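K.L.:
Pasting a structure below so you can have a look.
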Amino acid sequence: MLVYYMIASIEGKNGYLISAPHAFSHYRRNLDSVIKQGEPWTDSIVREVCSTASCHGILIEKSVGYDPNSDLLEKNPYKQEVDKLIGKRKVKLFVDIHGLSDRHSYDFAIYFPLRYRKSQELAYKLAEFLSKGVLKDSLVVVLNMKDNDQETLTEFVAKKRKIPAIQLEIARYIRDDEELRESLTLALSEFLIKI
């Protein structure tokens, strides 16, 4: 059963907001009109990073009948909540966590909105942090988002709220493996503590 509004937020101390909009299945009305399966462990990664790095967090807690990432603000309770949190908690940086499709031959994809220099710089800094420790042999690609009619959370935050924003997509095998997932949360936390 798909519900419409099932969002949890985490209060942190710094001005960073970490998001997991696709932790559970969701209906993709704007893209291909199908129910897309959730991206396992993205919610756990957000919770752990928020705990370790004192970040604010937001995530979906159940399957929903809309796409929290790409539906327009007017029909998207998740995006509306992100918008409220940005103002309420004086957010100055946004990281959106996603699962990477198994069809890709790399381990991490970091997307930034085209023409947003601060978001691009943030993406390359994160790529450096992901290339250390247990994850040092991972293939990390940094890509600009397609300039199309879609408005992902990352694009919304960068373009409408003028805050550096990136979307991090993580390969399934990393999310599924406890040791690799822990290394990832430590790398993300270190990144957010040191920037």
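If you're wondering about the labels, chains in the structure tokens are A, B, ... by order shown, residues count from 1 in each chain, ligands from 1 in order shown.
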Could you please write out, as a PyMOL selection string, every residue of chain A that DSSP assigns to strand (DSSP E)?

P.N.:
chain A and resi 7-10+16-20+26-27+35-36+56-60+93-100+108-112+140-144+165-171

K.L.:
Generate the output file for the selected residues, N, CA and C atoms, as a compact mmCIF listing (two decimals), in the first residue's frame.

P.N.:
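Contents of out-v8.txt, freshly written:
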```txt
# COMPACT_ATOMS: atom_id res chain seq x y z
N ILE A 7 7.21 11.04 6.42
CA ILE A 7 8.53 11.65 6.41
C ILE A 7 9.06 11.76 7.84
N ALA A 8 10.34 11.43 8.01
CA ALA A 8 10.99 11.61 9.31
C ALA A 8 12.10 12.64 9.14
N SER A 9 12.29 13.46 10.16
CA SER A 9 13.41 14.40 10.13
C SER A 9 14.27 14.19 11.37
N ILE A 10 15.54 14.52 11.22
CA ILE A 10 16.53 14.37 12.27
C ILE A 10 17.11 15.76 12.54
N TYR A 16 24.03 21.49 7.80
CA TYR A 16 24.02 20.57 6.68
C TYR A 16 22.78 19.69 6.75
N LEU A 17 22.16 19.47 5.60
CA LEU A 17 20.97 18.63 5.52
C LEU A 17 21.26 17.45 4.59
N ILE A 18 21.07 16.23 5.13
CA ILE A 18 21.29 14.99 4.39
C ILE A 18 19.93 14.34 4.16
N SER A 19 19.70 13.81 2.96
CA SER A 19 18.38 13.34 2.57
C SER A 19 18.42 11.93 1.99
N ALA A 20 17.35 11.15 2.23
CA ALA A 20 17.17 9.82 1.59
C ALA A 20 15.72 9.72 1.12
N HIS A 26 8.19 4.05 -4.39
CA HIS A 26 7.49 5.30 -4.66
C HIS A 26 6.94 5.28 -6.08
N TYR A 27 5.92 6.06 -6.29
CA TYR A 27 5.26 6.13 -7.59
C TYR A 27 5.88 7.24 -8.42
N ILE A 35 5.66 2.07 -10.24
CA ILE A 35 6.13 2.06 -8.86
C ILE A 35 7.58 1.59 -8.89
N LYS A 36 8.47 2.42 -8.40
CA LYS A 36 9.90 2.10 -8.39
C LYS A 36 10.25 1.55 -7.01
N HIS A 56 21.59 17.67 10.07
CA HIS A 56 20.14 17.52 9.98
C HIS A 56 19.88 16.44 8.94
N GLY A 57 18.75 15.75 9.08
CA GLY A 57 18.43 14.71 8.11
C GLY A 57 16.95 14.67 7.81
N ILE A 58 16.63 14.10 6.66
CA ILE A 58 15.23 13.88 6.28
C ILE A 58 15.19 12.62 5.44
N LEU A 59 14.14 11.80 5.66
CA LEU A 59 14.02 10.55 4.93
C LEU A 59 12.59 10.08 4.89
N ILE A 60 12.32 9.22 3.93
CA ILE A 60 11.01 8.59 3.81
C ILE A 60 11.01 7.36 4.71
N LEU A 93 24.16 23.61 3.16
CA LEU A 93 24.68 22.58 2.28
C LEU A 93 23.70 21.41 2.27
N PHE A 94 23.49 20.80 1.09
CA PHE A 94 22.51 19.71 0.95
C PHE A 94 23.14 18.53 0.22
N VAL A 95 23.01 17.33 0.79
CA VAL A 95 23.48 16.10 0.15
C VAL A 95 22.31 15.13 0.08
N ASP A 96 21.96 14.71 -1.13
CA ASP A 96 20.84 13.80 -1.36
C ASP A 96 21.40 12.42 -1.67
N ILE A 97 21.06 11.42 -0.85
CA ILE A 97 21.62 10.07 -0.95
C ILE A 97 20.66 9.17 -1.74
N HIS A 98 21.21 8.48 -2.74
CA HIS A 98 20.42 7.58 -3.59
C HIS A 98 21.16 6.27 -3.82
N GLY A 99 20.42 5.27 -4.27
CA GLY A 99 21.03 4.02 -4.70
C GLY A 99 21.38 4.12 -6.17
N LEU A 100 22.50 3.53 -6.54
CA LEU A 100 22.95 3.53 -7.93
C LEU A 100 22.43 2.26 -8.60
N PHE A 108 30.33 4.87 -7.37
CA PHE A 108 29.67 6.09 -6.88
C PHE A 108 29.48 7.05 -8.05
N ALA A 109 28.34 7.71 -8.05
CA ALA A 109 28.11 8.82 -8.98
C ALA A 109 27.73 10.03 -8.13
N ILE A 110 28.41 11.13 -8.36
CA ILE A 110 28.09 12.37 -7.65
C ILE A 110 27.62 13.36 -8.71
N TYR A 111 26.37 13.78 -8.58
CA TYR A 111 25.77 14.71 -9.54
C TYR A 111 25.67 16.10 -8.93
N PHE A 112 25.88 17.09 -9.78
CA PHE A 112 25.69 18.48 -9.38
C PHE A 112 24.92 19.19 -10.48
N VAL A 140 34.77 6.45 -8.76
CA VAL A 140 33.87 7.57 -8.46
C VAL A 140 33.78 8.46 -9.69
N VAL A 141 32.57 8.72 -10.16
CA VAL A 141 32.40 9.63 -11.28
C VAL A 141 31.63 10.87 -10.80
N VAL A 142 32.03 12.01 -11.31
CA VAL A 142 31.35 13.27 -11.00
C VAL A 142 30.72 13.76 -12.30
N LEU A 143 29.41 13.97 -12.25
CA LEU A 143 28.65 14.31 -13.46
C LEU A 143 27.73 15.49 -13.19
N ASN A 144 27.52 16.30 -14.22
CA ASN A 144 26.49 17.34 -14.07
C ASN A 144 25.13 16.73 -14.41
N ALA A 165 24.43 22.01 -3.47
CA ALA A 165 23.70 20.76 -3.35
C ALA A 165 24.26 19.72 -4.32
N ILE A 166 24.34 18.47 -3.84
CA ILE A 166 24.79 17.36 -4.68
C ILE A 166 23.92 16.14 -4.42
N GLN A 167 23.92 15.25 -5.40
CA GLN A 167 23.22 13.97 -5.28
C GLN A 167 24.28 12.88 -5.35
N LEU A 168 24.36 12.06 -4.30
CA LEU A 168 25.32 10.96 -4.24
C LEU A 168 24.58 9.65 -4.47
N GLU A 169 24.98 8.92 -5.51
CA GLU A 169 24.40 7.61 -5.80
C GLU A 169 25.43 6.54 -5.46
N ILE A 170 24.98 5.51 -4.73
CA ILE A 170 25.86 4.50 -4.16
C ILE A 170 25.49 3.13 -4.70
N ALA A 171 26.50 2.38 -5.18
CA ALA A 171 26.27 1.04 -5.71
C ALA A 171 25.64 0.13 -4.66
```

K.L.:
Enumerate, in order of chain and increasing residue number, the residues of segment 62-125 of chain A with an atom no farther than 10 Å from segment 151-156 of chain A, each with its shortest atom pair and distance in Å to one decimal, counting only C-alpha atoms, as a Markdown table.

P.N.:
```
| residue | atom | partner | partner_atom | distance |
| --- | --- | --- | --- | --- |
| A:Asp67 | CA | A:Thr152 | CA | 9.7 |
| A:Pro68 | CA | A:Leu153 | CA | 8.0 |
| A:Asn69 | CA | A:Thr152 | CA | 5.2 |
| A:Ser70 | CA | A:Thr152 | CA | 4.5 |
| A:Asp71 | CA | A:Glu151 | CA | 7.4 |
| A:Leu72 | CA | A:Glu151 | CA | 7.0 |
| A:Leu73 | CA | A:Phe156 | CA | 8.8 |
| A:Tyr78 | CA | A:Leu153 | CA | 9.3 |
| A:Lys79 | CA | A:Leu153 | CA | 6.7 |
| A:Val82 | CA | A:Leu153 | CA | 8.3 |
| A:Asp83 | CA | A:Phe156 | CA | 8.9 |
| A:Phe94 | CA | A:Thr154 | CA | 7.4 |
| A:Val95 | CA | A:Thr154 | CA | 7.6 |
| A:Asp96 | CA | A:Thr154 | CA | 6.7 |
| A:Tyr111 | CA | A:Thr154 | CA | 8.5 |
| A:Phe112 | CA | A:Thr154 | CA | 7.4 |
| A:Pro113 | CA | A:Glu155 | CA | 5.7 |
| A:Leu114 | CA | A:Glu155 | CA | 8.8 |
| A:Tyr116 | CA | A:Glu155 | CA | 9.5 |
| A:Ser119 | CA | A:Thr154 | CA | 9.3 |
```

K.L.:
Include N, CA and C atoms and write out the residues we just selected as a short mmCIF file (atom, residue, chain, number, x, y, z; two decimals), in the first residue's frame.

P.N.:
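For reference, selection-v9.cif as written:
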```cif
data_model
loop_
_atom_site.label_atom_id
_atom_site.label_comp_id
_atom_site.auth_asym_id
_atom_site.auth_seq_id
_atom_site.Cartn_x
_atom_site.Cartn_y
_atom_site.Cartn_z
N ASP A 67 6.84 10.76 -6.18
CA ASP A 67 8.30 10.66 -6.21
C ASP A 67 8.88 11.82 -5.40
N PRO A 68 9.40 11.53 -4.21
CA PRO A 68 9.94 12.58 -3.34
C PRO A 68 11.10 13.35 -3.96
N ASN A 69 11.76 12.77 -4.96
CA ASN A 69 12.90 13.44 -5.57
C ASN A 69 12.50 14.35 -6.72
N SER A 70 11.61 13.90 -7.59
CA SER A 70 11.40 14.68 -8.81
C SER A 70 10.01 15.27 -9.01
N ASP A 71 9.03 14.92 -8.19
CA ASP A 71 7.74 15.58 -8.34
C ASP A 71 7.87 17.06 -7.98
N LEU A 72 7.06 17.88 -8.61
CA LEU A 72 7.11 19.33 -8.37
C LEU A 72 6.74 19.66 -6.93
N LEU A 73 7.20 20.78 -6.46
CA LEU A 73 7.01 21.22 -5.08
C LEU A 73 5.54 21.17 -4.66
N TYR A 78 7.52 15.79 0.54
CA TYR A 78 8.93 15.64 0.93
C TYR A 78 9.72 16.88 0.54
N LYS A 79 9.56 17.33 -0.69
CA LYS A 79 10.27 18.52 -1.16
C LYS A 79 9.81 19.75 -0.37
N VAL A 82 11.67 19.58 2.89
CA VAL A 82 13.06 20.00 2.67
C VAL A 82 13.12 21.52 2.63
N ASP A 83 12.20 22.14 1.90
CA ASP A 83 12.15 23.60 1.78
C ASP A 83 11.97 24.26 3.16
N PHE A 94 23.49 20.80 1.09
CA PHE A 94 22.51 19.71 0.95
C PHE A 94 23.14 18.53 0.22
N VAL A 95 23.01 17.33 0.79
CA VAL A 95 23.48 16.10 0.15
C VAL A 95 22.31 15.13 0.08
N ASP A 96 21.96 14.71 -1.13
CA ASP A 96 20.84 13.80 -1.36
C ASP A 96 21.40 12.42 -1.67
N TYR A 111 26.37 13.78 -8.58
CA TYR A 111 25.77 14.71 -9.54
C TYR A 111 25.67 16.10 -8.93
N PHE A 112 25.88 17.09 -9.78
CA PHE A 112 25.69 18.48 -9.38
C PHE A 112 24.92 19.19 -10.48
N PRO A 113 24.14 20.22 -10.11
CA PRO A 113 23.38 20.97 -11.13
C PRO A 113 24.32 21.78 -12.02
N LEU A 114 24.07 21.70 -13.29
CA LEU A 114 24.86 22.42 -14.29
C LEU A 114 24.87 23.92 -13.97
N TYR A 116 26.31 25.52 -11.52
CA TYR A 116 26.35 25.89 -10.10
C TYR A 116 27.72 25.51 -9.55
N SER A 119 28.27 23.95 -6.05
CA SER A 119 27.83 22.55 -6.03
C SER A 119 28.85 21.66 -6.72
#
```

K.L.:
Output as a ChimeraX atom specification all residues of segment 125-163 of chain A that backbone DSSP marks as helix (DSSP H, G or I).

P.N.:
/A:125-130,133-135,153-160

K.L.:
So that I have them on file, write out the residues from the current selection with N, CA and C atoms, as a JSON list (two decimals), in the first residue's frame.

P.N.:
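Output file selection_19.json follows:
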```json
[["chain", "number", "residue", "atom", "x", "y", "z"],
["A", 125, "LYS", "N", 35.11, 17.67, -4.06],
["A", 125, "LYS", "CA", 35.66, 17.47, -2.71],
["A", 125, "LYS", "C", 35.18, 16.14, -2.13],
["A", 126, "LEU", "N", 33.89, 15.84, -2.31],
["A", 126, "LEU", "CA", 33.37, 14.57, -1.82],
["A", 126, "LEU", "C", 34.05, 13.40, -2.52],
["A", 127, "ALA", "N", 34.29, 13.51, -3.82],
["A", 127, "ALA", "CA", 34.96, 12.44, -4.56],
["A", 127, "ALA", "C", 36.31, 12.12, -3.95],
["A", 128, "GLU", "N", 37.04, 13.13, -3.50],
["A", 128, "GLU", "CA", 38.33, 12.91, -2.84],
["A", 128, "GLU", "C", 38.17, 12.09, -1.56],
["A", 129, "PHE", "N", 37.17, 12.40, -0.76],
["A", 129, "PHE", "CA", 36.94, 11.70, 0.50],
["A", 129, "PHE", "C", 36.52, 10.24, 0.27],
["A", 130, "LEU", "N", 35.81, 9.99, -0.82],
["A", 130, "LEU", "CA", 35.35, 8.63, -1.10],
["A", 130, "LEU", "C", 36.47, 7.75, -1.64],
["A", 133, "GLY", "N", 40.79, 4.98, 2.35],
["A", 133, "GLY", "CA", 40.49, 3.85, 3.21],
["A", 133, "GLY", "C", 40.04, 2.62, 2.43],
["A", 134, "VAL", "N", 39.08, 1.90, 2.99],
["A", 134, "VAL", "CA", 38.57, 0.67, 2.38],
["A", 134, "VAL", "C", 37.99, 0.93, 1.00],
["A", 135, "LEU", "N", 37.48, 2.13, 0.77],
["A", 135, "LEU", "CA", 36.84, 2.48, -0.51],
["A", 135, "LEU", "C", 37.81, 3.04, -1.55],
["A", 153, "LEU", "N", 15.48, 17.14, -6.20],
["A", 153, "LEU", "CA", 15.72, 17.86, -4.94],
["A", 153, "LEU", "C", 17.01, 18.67, -5.01],
["A", 154, "THR", "N", 18.06, 18.05, -5.55],
["A", 154, "THR", "CA", 19.35, 18.73, -5.65],
["A", 154, "THR", "C", 19.24, 19.99, -6.50],
["A", 155, "GLU", "N", 18.56, 19.90, -7.63],
["A", 155, "GLU", "CA", 18.37, 21.07, -8.48],
["A", 155, "GLU", "C", 17.50, 22.12, -7.80],
["A", 156, "PHE", "N", 16.45, 21.68, -7.14],
["A", 156, "PHE", "CA", 15.57, 22.61, -6.41],
["A", 156, "PHE", "C", 16.36, 23.40, -5.37],
["A", 157, "VAL", "N", 17.16, 22.69, -4.58],
["A", 157, "VAL", "CA", 17.91, 23.34, -3.50],
["A", 157, "VAL", "C", 18.95, 24.31, -4.08],
["A", 158, "ALA", "N", 19.67, 23.89, -5.11],
["A", 158, "ALA", "CA", 20.70, 24.75, -5.70],
["A", 158, "ALA", "C", 20.10, 25.95, -6.43],
["A", 159, "LYS", "N", 19.07, 25.70, -7.24],
["A", 159, "LYS", "CA", 18.53, 26.76, -8.08],
["A", 159, "LYS", "C", 17.57, 27.69, -7.35],
["A", 160, "LYS", "N", 16.67, 27.14, -6.56],
["A", 160, "LYS", "CA", 15.64, 27.96, -5.92],
["A", 160, "LYS", "C", 16.09, 28.50, -4.56]]
```

K.L.:
Using Å and a single decimal, report how far atom CA of Gly38 of chain A sits from atom CA of Lys162 of chain A.

P.N.:
28.6 Å

K.L.:
In Å to one decimal, how far is atom CA of Asp43 of chain A from atom CA of Asp177 of chain A?

P.N.:
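Rounded to one decimal, the two atoms are 14.7 Å apart.
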
K.L.:
Closest to Lys132 of chain A among A:Ser101, A:Gln37, A:Cys50, A:Glu190, using only C-alpha atoms?

P.N.:
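Of A:Ser101, A:Gln37, A:Cys50, A:Glu190, the one nearest Lys132 of chain A, counting only C-alpha atoms, is A:Glu190.
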
K.L.:
Atom CA of Glu182 of chain A and atom CA of Ile86 of chain A are how many Å apart?

P.N.:
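Between atom CA of Glu182 of chain A and atom CA of Ile86 of chain A the gap is 27.2 Å.
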
K.L.:
May I ask which of the residues A:Lys13, A:Lys84, A:Arg172, A:Arg89 is the closest one to Thr52 of chain A, counting only C-alpha atoms?

P.N.:
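With only C-alpha atoms as the atom set, the closest residue is A:Lys13.
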